[in-house]
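> The structure follows.
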Amino acid sequence: MEATTRPTLYRAITCNFCHRSEIAFAAKGIEIDTVDIDLVNRPDWYMTKSSGGSVPLLEWDDLEIHQSHVINEWIDERWPDPPLFPTDPDERAATRLWIEWWNDGPCPAYERRLMNVRPERDDALTEALVDHLTEMERRLEARGYTDGYWHGESIGVVDATAAPMWVRFCGLRHFYGIDVPEHLGRVRAWRDTLVADPHVVATSPDEGELIAAYEGYLKVLGRAAEAGTEVPVAKGD
């Protein structure tokens, strides 16, 4: 039975996973409702949801889906045009492998560096992030990438997965003066394409609001560190 309401996406401004699904909906031309969740003080009512309090969570009438990669595959299958996944089976497999690598490598490396409140770890975390960016350059070169989108002439699911991190790199530039090294030309070209994409621009939060939100999280993490409490901020930390 066709749903009778617009999809609702529970999100947080700093969460790049939520933004991935916002981009996917925008690329399909699907209007959604959004509900902002405070990740520091998550409401009790939200903790009872099927995602266990995590974001993003998609609701559409009786349907509930969580985890951005599951949501985005569902979006692409529910509204096939324009496609976010390649039609070629080999490229579809490569797409899933890139997303898995992104979630295990560059994304947590960026989050750990951004949210670090222990100065003694700064150098090691910066080095780890640069290592992942260097590996990204190598992988893009192996694909024959020079500029534009990861696959095709318009934004695809790998681009939608990567773009939110590039949008949020403003935090690294603001707090630490960290950016993508100039010699990683393919990475910079891909980043520049994605942050200029109209669907990414339309769904991106204001940079000032992002910086303010990060400042709040860093204060919370700093107080936890002073109290001797370990607060993981990314998978693998």
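FYI, nothing fancy with the structure tokens labels: chains A, B, ... in order, residues from 1 per chain, ligands from 1 as they appear.
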Find the residues around range 113-125 of chain A up to 12 Å (only C-alpha atoms counted), leave out those fewer than 4 positions away in its own chain, and share them as a PyMOL selection string.
chain A and resi 14+106-109+129-132+165+168-179+211+213-226+228-234+237
> Which of these residues is nearest to Asp147 in chain A, using only C-alpha atoms: A:Arg78, A:His69, A:Arg186, A:Arg112?
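For Asp147 in chain A, the nearest of the given residues is A:Arg186.
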> So the first atom is CA of Pro56 in chain A and the second is CA of Glu73 in chain A; what is the distance between them in Å, to one decimal place?
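Interatomic distance, CA of Pro56 in chain A to CA of Glu73 in chain A: 13.9 Å.
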> Which of these, A:Glu135, A:Glu22, A:Asp192, A:Glu141, has the shortest distance to Asn72 in chain A once you count only C-alpha atoms?
A:Glu22
> A:Arg96, A:Pro164, A:Asp197, A:Thr203: which is nearest Ile32 in chain A, counting only C-alpha atoms?
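Among A:Arg96, A:Pro164, A:Asp197, A:Thr203, it is A:Thr203 that comes nearest to Ile32 in chain A.
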> Which is closer to Pro205 in chain A than all the others in A:Ala12, A:Glu182, A:Ser54, A:Pro82, using only C-alpha atoms?
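Closest candidate: A:Ala12.
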